[in-house]
file model_35.cif (mmCIF, C-alpha atoms)
data_structure
loop_
_atom_site.label_atom_id
_atom_site.label_comp_id
_atom_site.auth_asym_id
_atom_site.auth_seq_id
_atom_site.Cartn_x
_atom_site.Cartn_y
_atom_site.Cartn_z
CA MET Y 1 41.89 107.94 99.69
CA TYR Y 2 44.51 109.62 101.86
CA ASP Y 3 44.22 113.33 102.38
CA ILE Y 4 47.53 115.13 102.44
CA THR Y 5 47.07 117.86 104.98
CA ALA Y 6 49.57 120.27 106.51
CA GLU Y 7 49.93 118.05 109.60
CA SER Y 8 50.70 114.89 107.68
CA ILE Y 9 53.58 116.32 105.59
CA PRO Y 10 56.25 116.06 108.36
CA LEU Y 11 55.11 112.52 109.11
CA LEU Y 12 55.36 111.64 105.44
CA ILE Y 13 58.88 113.04 105.22
CA ILE Y 14 59.95 111.06 108.29
CA PHE Y 15 58.43 107.90 106.84
CA VAL Y 16 60.27 108.33 103.52
CA LEU Y 17 63.58 109.03 105.28
CA VAL Y 18 63.23 105.93 107.47
CA ALA Y 19 62.32 103.81 104.44
CA VAL Y 20 65.35 105.06 102.50
CA PHE Y 21 67.63 104.49 105.50
CA VAL Y 22 66.35 100.98 106.13
CA LEU Y 23 66.45 99.97 102.46
CA PHE Y 24 69.85 101.53 101.71
CA PHE Y 25 72.00 98.99 103.55
CA PRO Y 26 70.53 95.79 102.11
CA LEU Y 27 70.43 97.28 98.61
CA ALA Y 28 74.03 98.49 98.86
CA PHE Y 29 75.09 95.08 100.11
CA ILE Y 30 73.39 93.32 97.21
CA TYR Y 31 74.97 95.79 94.77
CA SER Y 32 78.35 95.10 96.31
CA MET Y 33 77.83 91.36 95.96
CA LEU Y 34 76.67 91.49 92.35
CA PHE Y 35 78.91 94.19 90.88
CA GLY Y 36 81.94 94.29 93.17
CA TRP Y 37 83.73 91.55 91.23
CA ILE Y 38 83.16 93.36 87.90
CA HIS Y 39 84.84 96.49 89.28
CA GLU Y 40 87.64 94.38 90.69
CA SER Y 41 88.45 92.44 87.54
CA GLY Y 42 88.33 95.70 85.57
CA ARG Y 43 90.91 97.25 87.88
CA GLN Y 44 93.19 94.25 87.63
CA LYS Y 45 93.01 94.18 83.82
CA LYS Y 46 93.91 97.88 83.62
CA LEU Y 47 96.83 97.39 86.00
CA LEU Y 48 98.17 94.46 83.98
CA ALA Y 49 97.99 96.47 80.76
CA ARG Y 50 99.89 99.37 82.36
CA GLU Y 51 102.55 97.02 83.73
CA GLN Y 52 103.10 95.55 80.29
CA LYS Y 53 103.30 99.01 78.74
CA VAL Y 54 106.05 100.15 81.13
CA ALA Y 55 107.90 96.86 80.73
CA GLY Y 56 107.80 97.44 76.96
CA ILE Y 57 109.29 100.94 77.25
CA VAL Y 58 111.96 100.16 79.84
CA GLY Y 59 112.76 96.65 78.68
CA GLY Y 60 112.68 95.12 82.15
CA ASP Y 61 112.06 96.87 85.42
CA ASN Y 62 113.21 100.33 86.47
CA ILE Y 63 112.71 99.85 90.19
CA HIS Y 64 114.69 97.58 92.51
CA THR Y 65 115.46 97.17 96.20
CA LEU Y 66 119.27 97.26 96.08
CA SER Y 67 121.00 100.25 97.63
CA THR Y 68 123.48 100.66 94.75
CA PRO Y 69 122.64 101.38 91.12
CA ILE Y 70 122.75 98.53 88.60
CA SER Y 71 122.98 100.13 85.18
CA LEU Y 72 124.29 103.65 85.87
CA GLU Y 73 128.02 104.33 86.19
CA LYS Y 74 127.97 107.99 87.14
CA ILE Y 75 125.20 109.74 89.01
CA SER Y 76 124.61 113.44 88.66
CA GLN Y 77 121.38 113.82 90.56
CA CYS Y 78 119.15 111.94 92.95
CA GLY Y 79 115.86 112.53 94.68
CA LEU Y 80 113.17 110.87 96.71
CA VAL Y 81 110.26 109.48 94.72
CA MET Y 82 107.09 108.37 96.48
CA THR Y 83 103.65 107.23 95.44
CA ASN Y 84 100.70 105.97 97.41
CA ILE Y 85 97.27 104.43 97.15
CA THR Y 86 94.48 103.86 99.65
CA VAL Y 87 92.29 100.85 99.10
CA SER Y 88 89.44 99.28 100.98
CA PRO Y 89 87.66 95.96 100.59
CA SER Y 90 84.05 95.99 99.39
CA TRP Y 91 81.23 95.21 101.77
CA TRP Y 92 80.88 91.76 100.26
CA GLN Y 93 84.59 91.06 100.71
CA LEU Y 94 84.39 92.28 104.31
CA PHE Y 95 81.45 89.95 104.90
CA LEU Y 96 83.28 86.96 103.37
CA GLY Y 97 86.40 87.81 105.35
CA SER Y 98 84.59 88.09 108.64
CA ILE Y 99 82.98 84.71 108.12
CA LYS Y 100 86.28 83.14 107.10
CA SER Y 101 88.08 84.58 110.11
CA ILE Y 102 85.86 82.53 112.42
CA PHE Y 103 87.35 79.32 111.01
CA GLY Y 104 90.82 80.68 110.32
CA GLY Y 105 92.99 79.91 107.32
CA GLN Y 106 93.72 81.94 104.22
CA ILE Y 107 91.32 84.82 103.67
CA GLN Y 108 91.26 85.14 99.89
CA SER Y 109 89.01 88.18 99.72
CA TYR Y 110 91.44 90.30 101.77
CA ASP Y 111 94.37 88.76 99.94
CA LYS Y 112 93.16 90.19 96.64
CA VAL Y 113 92.72 93.70 98.05
CA LEU Y 114 96.19 93.75 99.57
CA ALA Y 115 97.86 92.30 96.49
CA TYR Y 116 96.13 94.84 94.25
CA GLY Y 117 97.03 97.81 96.46
CA ARG Y 118 100.68 96.90 96.65
CA ALA Y 119 101.00 96.16 92.94
CA GLU Y 120 99.27 99.45 92.08
CA ALA Y 121 101.55 101.47 94.39
CA MET Y 122 104.65 99.96 92.76
CA GLN Y 123 103.24 100.46 89.29
CA ARG Y 124 102.68 104.16 90.06
CA LEU Y 125 106.30 104.37 91.19
CA ARG Y 126 107.42 102.97 87.83
CA GLU Y 127 105.23 105.44 85.95
CA GLN Y 128 106.41 108.38 88.05
CA ALA Y 129 110.03 107.39 87.41
CA LEU Y 130 109.33 107.45 83.67
CA GLY Y 131 107.43 110.71 83.92
CA GLU Y 132 110.08 112.54 85.93
CA GLY Y 133 112.94 111.13 83.89
CA TRP Y 134 114.75 109.02 86.49
CA SER Y 135 116.69 106.23 84.83
CA GLU Y 136 116.18 103.88 87.76
CA ILE Y 137 114.82 103.87 91.29
CA ILE Y 138 116.96 102.21 93.91
CA ASN Y 139 116.24 101.06 97.45
CA VAL Y 140 112.48 100.74 96.94
CA ARG Y 141 110.45 100.15 100.09
CA VAL Y 142 106.73 99.47 100.40
CA GLU Y 143 104.99 100.40 103.61
CA THR Y 144 101.48 99.52 104.74
CA SER Y 145 99.44 101.40 107.27
CA MET Y 146 95.87 101.49 108.47
CA VAL Y 147 94.32 104.91 108.05
CA MET Y 148 91.09 106.53 109.15
CA ASN Y 149 90.13 103.51 111.19
CA LYS Y 150 87.97 103.36 114.24
CA VAL Y 151 89.43 101.39 117.10
CA LYS Y 152 86.96 100.09 119.66
CA GLY Y 153 88.05 98.97 123.09
CA GLY Y 154 91.75 99.07 122.22
CA GLN Y 155 91.56 96.50 119.44
CA GLN Y 156 90.77 96.55 115.76
CA ASN Y 157 87.36 95.03 115.22
CA LYS Y 158 87.45 94.84 111.42
CA MET Y 159 89.60 95.54 108.43
CA GLY Y 160 89.34 99.13 107.26
CA THR Y 161 91.06 101.42 104.81
CA LEU Y 162 94.65 100.56 104.02
CA GLU Y 163 97.31 102.83 102.67
CA PHE Y 164 100.25 101.56 100.67
CA LEU Y 165 103.25 103.82 100.27
CA ALA Y 166 106.01 102.95 97.83
CA TYR Y 167 109.15 105.07 97.89
CA GLY Y 168 112.70 104.94 96.68
CA THR Y 169 115.60 107.03 95.50
CA GLY Y 170 115.47 108.08 91.88
CA ILE Y 171 118.84 108.50 90.17
CA ARG Y 172 119.99 109.82 86.82
CA MET R 1 118.95 116.19 97.53
CA THR R 2 117.03 113.54 99.36
CA SER R 3 117.63 109.84 99.36
CA ASN R 4 116.44 106.85 101.32
CA THR R 5 119.78 105.07 100.89
CA GLU R 6 122.45 105.32 103.58
CA THR R 7 124.89 106.99 101.25
CA ILE R 8 124.29 108.73 97.96
CA PRO R 9 126.16 106.73 95.34
CA GLY R 10 128.77 108.92 93.65
CA PHE R 11 128.79 111.47 96.46
CA LYS R 12 130.85 111.67 99.63
CA ILE R 13 129.34 112.65 102.97
CA THR R 14 131.57 115.26 104.56
CA LYS R 15 129.62 116.18 107.67
CA SER R 16 126.61 114.90 109.60
CA LEU R 17 124.31 117.53 111.00
CA GLY R 18 121.91 115.45 113.07
CA VAL R 19 118.37 114.21 112.51
CA ALA R 20 116.03 116.39 110.49
CA THR R 21 112.35 115.82 111.17
CA GLY R 22 109.05 117.05 109.82
CA SER R 23 105.51 116.10 110.69
CA THR R 24 101.92 117.05 110.05
CA VAL R 25 98.57 115.93 111.42
CA ARG R 26 95.62 115.82 109.04
CA ALA R 27 91.98 114.97 109.38
CA LYS R 28 89.52 114.35 106.58
CA HIS R 29 86.62 116.49 105.52
CA ILE R 30 83.29 115.05 106.64
CA GLY R 31 81.70 115.30 103.17
CA LYS R 32 84.61 113.43 101.63
CA ASP R 33 84.30 110.85 104.37
CA ILE R 34 80.69 110.17 103.46
CA LEU R 35 81.59 109.87 99.76
CA ALA R 36 84.43 107.52 100.63
CA GLY R 37 81.97 105.50 102.70
CA LEU R 38 79.79 105.12 99.61
CA LYS R 39 82.81 104.11 97.52
CA ASN R 40 83.52 101.49 100.18
CA ILE R 41 80.49 99.49 99.02
CA VAL R 42 82.27 98.28 95.89
CA GLY R 43 85.79 98.57 97.31
CA GLY R 44 88.83 99.72 95.43
CA GLU R 45 90.75 102.96 95.54
CA LEU R 46 89.56 105.89 97.65
CA LYS R 47 91.00 108.79 95.64
CA ALA R 48 90.14 111.47 98.21
CA TYR R 49 92.21 109.73 100.88
CA THR R 50 95.05 108.98 98.48
CA GLU R 51 95.35 112.64 97.56
CA LEU R 52 94.98 113.86 101.13
CA LEU R 53 97.70 111.56 102.40
CA MET R 54 100.10 112.35 99.58
CA GLU R 55 99.56 116.08 100.09
CA ALA R 56 100.19 115.70 103.83
CA ARG R 57 103.26 113.60 103.29
CA THR R 58 104.69 116.08 100.82
CA GLU R 59 104.21 118.76 103.46
CA ALA R 60 105.93 116.66 106.13
CA LEU R 61 108.81 116.10 103.72
CA GLY R 62 108.95 119.83 103.00
CA ARG R 63 109.18 120.61 106.71
CA MET R 64 111.94 118.04 107.08
CA MET R 65 113.88 119.69 104.24
CA MET R 66 113.39 123.09 105.86
CA ASP R 67 114.76 121.70 109.12
CA ALA R 68 117.75 120.29 107.25
CA ALA R 69 118.32 123.58 105.45
CA GLN R 70 118.32 125.44 108.76
CA ARG R 71 121.09 123.12 109.93
CA GLY R 72 123.07 124.06 106.85
CA ALA R 73 122.75 120.72 105.10
CA ASN R 74 122.64 120.23 101.34
CA ALA R 75 121.24 116.70 101.42
CA VAL R 76 119.14 114.39 103.57
CA VAL R 77 119.99 110.71 103.52
CA ASN R 78 118.22 107.62 104.88
CA VAL R 79 114.78 109.23 104.84
CA ARG R 80 112.05 107.20 106.56
CA PHE R 81 108.33 107.66 106.82
CA ALA R 82 106.02 106.81 109.68
CA THR R 83 102.23 106.95 109.77
CA SER R 84 100.14 106.74 112.90
CA SER R 85 96.46 107.18 113.65
CA VAL R 86 95.96 109.73 116.39
CA ALA R 87 92.38 110.21 117.61
CA GLY R 88 89.44 109.15 115.45
CA GLY R 89 89.91 109.96 111.81
CA ALA R 90 93.12 111.94 112.08
CA ALA R 91 96.48 110.68 110.87
CA GLU R 92 99.95 111.87 111.69
CA LEU R 93 102.51 111.69 108.92
CA PHE R 94 106.10 111.90 109.98
CA ALA R 95 109.25 112.06 107.88
CA TYR R 96 112.76 111.94 109.23
CA GLY R 97 116.28 111.56 107.95
CA THR R 98 119.89 112.45 108.54
CA ALA R 99 120.92 115.92 107.46
CA VAL R 100 124.35 115.86 105.86
CA THR R 101 126.59 117.89 103.63
CA VAL R 102 127.71 116.00 100.54
CA GLN R 103 130.35 116.57 97.93
CA GLN R 104 130.66 115.02 94.48
CA GLU R 105 133.53 112.59 94.29
#
call {"tool": "encode", "arguments": {"input": "model_35.cif", "output": "structure tokens"}}
result
Amino acid sequence: MYDITAESIPLLIIFVLVAVFVLFFPLAFIYSMLFGWIHESGRQKKLLAREQKVAGIVGGDNIHTLSTPISLEKISQCGLVMTNITVSPSWWQLFLGSIKSIFGGQIQSYDKVLAYGRAEAMQRLREQALGEGWSEIINVRVETSMVMNKVKGGQQNKMGTLEFLAYGTGIR
Amino acid sequence: MTSNTETIPGFKITKSLGVATGSTVRAKHIGKDILAGLKNIVGGELKAYTELLMEARTEALGRMMMDAAQRGANAVVNVRFATSSVAGGAAELFAYGTAVTVQQE
């Protein structure tokens, strides 16, 4: 049998660390492949439920992109309302996307991430409007930006973290 | 009052006082970055970044309002936001708008 002596302990630690490091990436990738879609469909279900809840309270939509109010006659107060969300694709979605981008065409895995992020940002705007007591939010704009990304050689080598910012003017 | 519309409905702009600006540069905490990297595996929202960016943007907006107040304005109209990545991992958040004095019609 192996004798664990004082000299072999550092070697053992190094071996364990290397094993963990080497095994981590494949295991994480497999986890992403198997469970990523469960997380994703859960998120989308929750979002849908929240959208329906707000639609039930307001009876329509309380945000719009026009620069003049629709329902209010007289405005006593206004203020800027903004909400944001940062989303990133899972490793599996990144892998699918990078393969698809060789052949071109619609990249569905990125599509889902972007659509979810934007819908969630707008939904948070609706909820914030309700929470802060604005009767409607006018002139809504949604902005997208890449954040915390690493740019190599002057060009983006892969899709990274995206931030969606939704903002508008709340009136009451 | 702040608004991202060109005019505030129901109010009259009496005087324009120039462009009010506010900006802040933020970088993330390395520990949070590692946690966000782990969250990346399954995708979805990265709450640490969401909070950091909203905090930074609120500060940029606050600085813009302070600038407007120094000019003697009581409202800022046509507010815009800009985000840019400066250096690795740091983001600049910039808010700007037109400082004006308004009067209820």
call {"tool": "residues_near_point", "arguments": {"input": "model_35.cif", "point": "(108.0, 116.9, 106.7)", "cutoff": "12 Å", "atoms": "all atoms listed in the file", "output": "PyMOL selection string"}}
result
chain R and resi 20-25+54-68+76+79-83+92-97
call {"tool": "closest_atom_pairs", "arguments": {"input": "model_35.cif", "of": "chain Y", "to": "chain R", "cutoff": "6 Å", "atoms": "only C-alpha atoms", "output": "tab-separated table"}}
result
residue	atom	partner	partner_atom	distance
Y:Ser32	CA	R:Val42	CA	5.1
Y:Gly36	CA	R:Val42	CA	4.8
Y:Ser67	CA	R:Thr5	CA	5.9
Y:Ile75	CA	R:Gly10	CA	5.9
Y:Gly79	CA	R:Thr2	CA	4.9
Y:Leu80	CA	R:Ser3	CA	5.3
Y:Ile85	CA	R:Thr50	CA	5.2
Y:Thr86	CA	R:Thr50	CA	5.3
Y:Val87	CA	R:Glu45	CA	4.4
Y:Ser88	CA	R:Gly43	CA	5.2
Y:Pro89	CA	R:Gly43	CA	4.6
Y:Ser90	CA	R:Gly43	CA	3.7
Y:Trp91	CA	R:Ile41	CA	5.1
Y:Met148	CA	R:Gly89	CA	4.5
Y:Thr169	CA	R:Ser3	CA	5.2
call {"tool": "atom_distance", "arguments": {"input": "model_35.cif", "atom1": "CA of Gln106 (chain Y)", "atom2": "CA of Gln93 (chain Y)"}}
result
13.4 Å
call {"tool": "axis_aligned_box", "arguments": {"input": "model_35.cif", "around": "region 56-60 of chain Y", "padding_each_side": "4 Å", "output": "lines of an AutoDock Vina configuration file"}}
result
center_x = 110.3
center_y = 98.0
center_z = 79.6
size_x = 13.0
size_y = 13.8
size_z = 13.2
call {"tool": "atom_distance", "arguments": {"input": "model_35.cif", "atom1": "CA of Ser109 (chain Y)", "atom2": "CA of Ser145 (chain Y)"}}
result
18.5 Å
call {"tool": "closest_residue", "arguments": {"input": "model_35.cif", "among": "R:Ser16, R:Gln70, R:Gln103, R:Thr98", "to": "Gln77 (chain Y)", "atoms": "only C-alpha atoms"}}
result
R:Gln103
call {"tool": "atom_distance", "arguments": {"input": "model_35.cif", "atom1": "CA of Thr83 (chain Y)", "atom2": "CA of Lys46 (chain Y)"}}
result
17.9 Å
call {"tool": "residues_around", "arguments": {"input": "model_35.cif", "residues": "Ala49 (chain Y)", "least_positions_apart": "6", "cutoff": "12 Å", "atoms": "all atoms listed in the file", "output": "PDB file with C-alpha atoms, keeping the file's coordinate frame"}}
result
ATOM      1  CA  GLY Y  42      88.330  95.700  85.570  1.00  0.00           C
ATOM      2  CA  ARG Y  43      90.910  97.250  87.880  1.00  0.00           C
ATOM      3  CA  ALA Y  55     107.900  96.860  80.730  1.00  0.00           C
ATOM      4  CA  GLY Y  56     107.800  97.440  76.960  1.00  0.00           C
ATOM      5  CA  GLU Y 120      99.270  99.450  92.080  1.00  0.00           C
ATOM      6  CA  GLN Y 123     103.240 100.460  89.290  1.00  0.00           C
TER       7      GLN Y 123
END
call {"tool": "residues_around", "arguments": {"input": "model_35.cif", "residues": "His64 (chain Y)", "least_positions_apart": "5", "cutoff": "7 Å", "atoms": "all atoms listed in the file", "output": "PDB file with C-alpha atoms, in the frame of the given file"}}
result
ATOM      1  CA  ILE Y 137     114.820 103.870  91.290  1.00  0.00           C
ATOM      2  CA  ILE Y 138     116.960 102.210  93.910  1.00  0.00           C
ATOM      3  CA  ASN Y 139     116.240 101.060  97.450  1.00  0.00           C
ATOM      4  CA  VAL Y 140     112.480 100.740  96.940  1.00  0.00           C
TER       5      VAL Y 140
END
call {"tool": "residues_around", "arguments": {"input": "model_35.cif", "residues": "Gly133 (chain Y)", "least_positions_apart": "3", "cutoff": "8 Å", "atoms": "only C-alpha atoms", "output": "number ranges by chain"}}
result
Y: 129-130, 172
call {"tool": "closest_residue", "arguments": {"input": "model_35.cif", "among": "Y:Val113, Y:Ile99, Y:Cys78, Y:Ile57", "to": "Ile171 (chain Y)", "atoms": "only C-alpha atoms"}}
result
Y:Cys78
call {"tool": "decode", "arguments": {"input": "model_35.cif", "residues": "region 122-149 of chain Y", "atoms": "N, CA and C atoms", "output": "tab-separated table (two decimals), in the first residue's frame"}}
result
chain	number	residue	atom	x	y	z
Y	122	MET	N	-38.57	44.74	-19.74
Y	122	MET	CA	-39.81	45.49	-19.90
Y	122	MET	C	-40.83	45.12	-18.83
Y	123	GLN	N	-40.81	43.84	-18.46
Y	123	GLN	CA	-41.73	43.40	-17.41
Y	123	GLN	C	-41.39	44.07	-16.09
Y	124	ARG	N	-40.09	44.23	-15.80
Y	124	ARG	CA	-39.67	44.90	-14.57
Y	124	ARG	C	-40.09	46.36	-14.59
Y	125	LEU	N	-40.08	46.96	-15.77
Y	125	LEU	CA	-40.53	48.35	-15.91
Y	125	LEU	C	-42.01	48.46	-15.55
Y	126	ARG	N	-42.80	47.51	-16.04
Y	126	ARG	CA	-44.23	47.49	-15.72
Y	126	ARG	C	-44.45	47.38	-14.22
Y	127	GLU	N	-43.70	46.45	-13.61
Y	127	GLU	CA	-43.86	46.20	-12.17
Y	127	GLU	C	-43.42	47.41	-11.36
Y	128	GLN	N	-42.33	48.04	-11.79
Y	128	GLN	CA	-41.86	49.23	-11.07
Y	128	GLN	C	-42.87	50.37	-11.19
Y	129	ALA	N	-43.49	50.50	-12.36
Y	129	ALA	CA	-44.51	51.53	-12.54
Y	129	ALA	C	-45.67	51.32	-11.57
Y	130	LEU	N	-46.07	50.06	-11.43
Y	130	LEU	CA	-47.15	49.73	-10.48
Y	130	LEU	C	-46.70	50.02	-9.05
Y	131	GLY	N	-45.49	49.61	-8.73
Y	131	GLY	CA	-44.97	49.76	-7.38
Y	131	GLY	C	-44.80	51.20	-6.96
Y	132	GLU	N	-44.36	52.05	-7.88
Y	132	GLU	CA	-44.12	53.45	-7.55
Y	132	GLU	C	-45.33	54.33	-7.80
Y	133	GLY	N	-46.39	53.73	-8.34
Y	133	GLY	CA	-47.64	54.46	-8.48
Y	133	GLY	C	-47.76	55.35	-9.71
Y	134	TRP	N	-46.98	55.08	-10.74
Y	134	TRP	CA	-47.13	55.84	-11.99
Y	134	TRP	C	-48.33	55.27	-12.74
Y	135	SER	N	-49.14	56.14	-13.32
Y	135	SER	CA	-50.32	55.59	-14.01
Y	135	SER	C	-49.97	55.09	-15.41
Y	136	GLU	N	-48.97	55.71	-16.04
Y	136	GLU	CA	-48.44	55.08	-17.26
Y	136	GLU	C	-47.00	55.53	-17.48
Y	137	ILE	N	-46.30	54.79	-18.30
Y	137	ILE	CA	-44.92	55.15	-18.64
Y	137	ILE	C	-44.86	55.41	-20.13
Y	138	ILE	N	-44.45	56.63	-20.45
Y	138	ILE	CA	-44.42	57.02	-21.87
Y	138	ILE	C	-42.98	57.01	-22.38
Y	139	ASN	N	-42.87	56.98	-23.69
Y	139	ASN	CA	-41.56	57.09	-24.36
Y	139	ASN	C	-40.57	56.01	-23.89
Y	140	VAL	N	-41.03	54.77	-23.85
Y	140	VAL	CA	-40.17	53.69	-23.38
Y	140	VAL	C	-39.11	53.35	-24.44
Y	141	ARG	N	-37.89	53.21	-23.99
Y	141	ARG	CA	-36.80	52.81	-24.88
Y	141	ARG	C	-36.08	51.61	-24.26
Y	142	VAL	N	-35.65	50.69	-25.09
Y	142	VAL	CA	-34.88	49.55	-24.60
Y	142	VAL	C	-33.51	49.58	-25.26
Y	143	GLU	N	-32.49	49.55	-24.43
Y	143	GLU	CA	-31.12	49.63	-24.95
Y	143	GLU	C	-30.38	48.34	-24.63
Y	144	THR	N	-29.51	47.95	-25.50
Y	144	THR	CA	-28.72	46.73	-25.30
Y	144	THR	C	-27.24	47.08	-25.31
Y	145	SER	N	-26.50	46.55	-24.38
Y	145	SER	CA	-25.06	46.77	-24.43
Y	145	SER	C	-24.31	45.55	-23.93
Y	146	MET	N	-23.13	45.37	-24.45
Y	146	MET	CA	-22.26	44.28	-23.99
Y	146	MET	C	-21.50	44.79	-22.78
Y	147	VAL	N	-21.50	44.03	-21.72
Y	147	VAL	CA	-20.75	44.45	-20.54
Y	147	VAL	C	-19.74	43.39	-20.14
Y	148	MET	N	-18.73	43.82	-19.45
Y	148	MET	CA	-17.72	42.92	-18.87
Y	148	MET	C	-17.20	41.92	-19.89
Y	149	ASN	N	-17.02	42.37	-21.11
Y	149	ASN	CA	-16.55	41.43	-22.12
Y	149	ASN	C	-15.05	41.60	-22.38
